[in-house]
Structures are given as C-alpha cells and as structure tokens.
Amino acid sequence: MSRLIFLFAVAAAVYWLLKSYSKQPTKKDETFNAEDMVRCSKCGVHLPKSESILAGGEFFCSEAHRLENAEGKK
C-alpha cells in the first residue's frame, strides 16, 4: 500500500513539473517595454528619457531647469 502511495506521489510531481514548464508567457509579459532612464543635470531626479529635455548634451526634467543651467553657464 505504501508503494502505491509513493508511486502516485511521484507521478503527481512529474505531472506538476511538466505542466509548469509548458506554460506559455502571458500577454502582459510580452507587452512590457522598458525605457531608458536619465538624470536631470540640475536637480538629479531620474525620469524616462522620452519625458526629458535634451540641451547641450545634458538632460533636464523641466524647461525651467534647462534655462537655469543655461544662465549659470554664461
């Protein structure tokens, strides 16, 4: 009787392992796109590159910080 229970447990474990390896990735996993992050040259805050302002080879979080940096270099 104990051998029968043992064989059933082994078969269940093998079935569970095969089922977990055969799962397909979900649509949520396929649609995630990471974006590069950049640091504002004025205040140091990190933001997505698409939301930043590029001026003179530096990234800024807002137009005000870009202008402050430009005035400071004059």
# chains A, B, ... in the order shown; residues from 1 in each chain; ligands from 1
$ closest_atom_pairs --of "region 47-72 of chain A" --to "region 36-40 of chain A" --cutoff "8 Å" --atoms "only C-alpha atoms" --output "JSON lines"
{"residue": "A:Leu47", "atom": "CA", "partner": "A:Met37", "partner_atom": "CA", "distance": 5.5}
{"residue": "A:Pro48", "atom": "CA", "partner": "A:Met37", "partner_atom": "CA", "distance": 4.5}
{"residue": "A:Lys49", "atom": "CA", "partner": "A:Met37", "partner_atom": "CA", "distance": 5.3}
{"residue": "A:Ser52", "atom": "CA", "partner": "A:Val38", "partner_atom": "CA", "distance": 7.7}
{"residue": "A:Glu58", "atom": "CA", "partner": "A:Cys40", "partner_atom": "CA", "distance": 7.7}
{"residue": "A:Phe59", "atom": "CA", "partner": "A:Cys40", "partner_atom": "CA", "distance": 5.3}
{"residue": "A:Phe60", "atom": "CA", "partner": "A:Cys40", "partner_atom": "CA", "distance": 4.3}
{"residue": "A:Cys61", "atom": "CA", "partner": "A:Cys40", "partner_atom": "CA", "distance": 5.4}
$ residues_around --residues "region 69-72 of chain A" --least-positions-apart "5" --cutoff "10 Å" --atoms "only C-alpha atoms" --output "list in words"
Ser41, Lys42, Ala55, Gly56, Glu58, Phe60, Glu63 and Ala64 of chain A
$ select_by_dssp --residues "chain A" --states "helix (DSSP H, G or I)" --output "ChimeraX atom specification"
/A:2-21,27-31,49-51,63-72
$ atom_distance --atom1 "CA of Val10 (chain A)" --atom2 "CA of Ser22 (chain A)"
18.6 Å
$ select_by_dssp --residues "chain A" --states "strand (DSSP E or B)" --output "list in words"
Met37, Val38, Arg39, His46, Leu47, Pro48, Ile53, Leu54, Ala55, Glu58, Phe59 and Phe60 of chain A
$ write_last_selection --atoms "all heavy atoms" --output "short mmCIF file (atom, residue, chain, number, x, y, z; two decimals), in the first residue's frame"
data_model
loop_
_atom_site.label_atom_id
_atom_site.label_comp_id
_atom_site.auth_asym_id
_atom_site.auth_seq_id
_atom_site.Cartn_x
_atom_site.Cartn_y
_atom_site.Cartn_z
N MET A 37 16.28 55.40 -18.47
CA MET A 37 16.10 56.49 -17.52
C MET A 37 17.32 57.39 -17.59
O MET A 37 18.43 56.93 -17.81
CB MET A 37 15.94 55.93 -16.11
CG MET A 37 14.75 55.00 -15.93
SD MET A 37 13.17 55.82 -16.07
CE MET A 37 13.07 56.60 -14.49
N VAL A 38 17.09 58.69 -17.42
CA VAL A 38 18.17 59.66 -17.41
C VAL A 38 18.07 60.51 -16.15
O VAL A 38 17.03 60.54 -15.49
CB VAL A 38 18.14 60.57 -18.67
CG1 VAL A 38 18.41 59.77 -19.92
CG2 VAL A 38 16.82 61.30 -18.79
N ARG A 39 19.14 61.22 -15.83
CA ARG A 39 19.19 62.04 -14.62
C ARG A 39 19.25 63.50 -15.01
O ARG A 39 20.03 63.90 -15.87
CB ARG A 39 20.42 61.65 -13.82
CG ARG A 39 20.52 62.31 -12.49
CD ARG A 39 21.68 61.78 -11.71
NE ARG A 39 21.66 62.40 -10.40
CZ ARG A 39 22.73 62.58 -9.66
NH1 ARG A 39 23.90 62.18 -10.09
NH2 ARG A 39 22.62 63.15 -8.49
N HIS A 46 15.62 61.32 -11.46
CA HIS A 46 15.62 60.38 -12.57
C HIS A 46 14.25 60.37 -13.23
O HIS A 46 13.23 60.35 -12.54
CB HIS A 46 15.98 58.98 -12.09
CG HIS A 46 17.41 58.84 -11.72
ND1 HIS A 46 17.89 59.20 -10.48
CD2 HIS A 46 18.48 58.40 -12.41
CE1 HIS A 46 19.19 58.99 -10.43
NE2 HIS A 46 19.57 58.49 -11.60
N LEU A 47 14.23 60.38 -14.56
CA LEU A 47 12.97 60.37 -15.30
C LEU A 47 13.17 59.63 -16.61
O LEU A 47 14.31 59.45 -17.06
CB LEU A 47 12.48 61.79 -15.55
CG LEU A 47 13.30 62.70 -16.47
CD1 LEU A 47 12.39 63.75 -17.06
CD2 LEU A 47 14.40 63.38 -15.70
N PRO A 48 12.07 59.18 -17.24
CA PRO A 48 12.20 58.49 -18.53
C PRO A 48 12.80 59.41 -19.58
O PRO A 48 12.54 60.62 -19.60
CB PRO A 48 10.75 58.13 -18.89
CG PRO A 48 10.02 58.15 -17.61
CD PRO A 48 10.68 59.18 -16.77
N ILE A 53 14.26 66.75 -21.33
CA ILE A 53 14.62 67.77 -22.31
C ILE A 53 16.13 67.68 -22.50
O ILE A 53 16.89 67.78 -21.54
CB ILE A 53 14.22 69.17 -21.81
CG1 ILE A 53 12.70 69.22 -21.62
CG2 ILE A 53 14.69 70.24 -22.78
CD1 ILE A 53 12.22 70.46 -20.88
N LEU A 54 16.56 67.50 -23.74
CA LEU A 54 17.98 67.38 -24.06
C LEU A 54 18.49 68.71 -24.59
O LEU A 54 17.93 69.26 -25.55
CB LEU A 54 18.20 66.28 -25.10
CG LEU A 54 19.62 66.05 -25.59
CD1 LEU A 54 20.52 65.61 -24.42
CD2 LEU A 54 19.65 65.00 -26.68
N ALA A 55 19.51 69.24 -23.94
CA ALA A 55 20.10 70.51 -24.39
C ALA A 55 21.59 70.48 -24.09
O ALA A 55 21.99 70.25 -22.94
CB ALA A 55 19.44 71.69 -23.67
N GLU A 58 23.10 67.46 -22.30
CA GLU A 58 22.65 67.17 -20.94
C GLU A 58 21.13 67.01 -20.92
O GLU A 58 20.44 67.61 -21.73
CB GLU A 58 23.06 68.30 -19.99
CG GLU A 58 24.56 68.47 -19.87
CD GLU A 58 24.93 69.62 -18.94
OE1 GLU A 58 24.32 70.70 -19.05
OE2 GLU A 58 25.83 69.41 -18.12
N PHE A 59 20.65 66.24 -19.97
CA PHE A 59 19.21 66.02 -19.82
C PHE A 59 18.68 66.85 -18.66
O PHE A 59 19.34 67.01 -17.64
CB PHE A 59 18.93 64.53 -19.55
CG PHE A 59 19.27 63.65 -20.72
CD1 PHE A 59 20.46 62.96 -20.75
CD2 PHE A 59 18.39 63.52 -21.78
CE1 PHE A 59 20.79 62.15 -21.82
CE2 PHE A 59 18.70 62.71 -22.86
CZ PHE A 59 19.91 62.02 -22.88
N PHE A 60 17.45 67.36 -18.83
CA PHE A 60 16.80 68.15 -17.80
C PHE A 60 15.38 67.66 -17.60
O PHE A 60 14.73 67.21 -18.53
CB PHE A 60 16.80 69.64 -18.18
CG PHE A 60 18.18 70.20 -18.35
CD1 PHE A 60 18.77 70.26 -19.60
CD2 PHE A 60 18.90 70.64 -17.25
CE1 PHE A 60 20.05 70.76 -19.75
CE2 PHE A 60 20.19 71.13 -17.40
CZ PHE A 60 20.77 71.20 -18.65
#
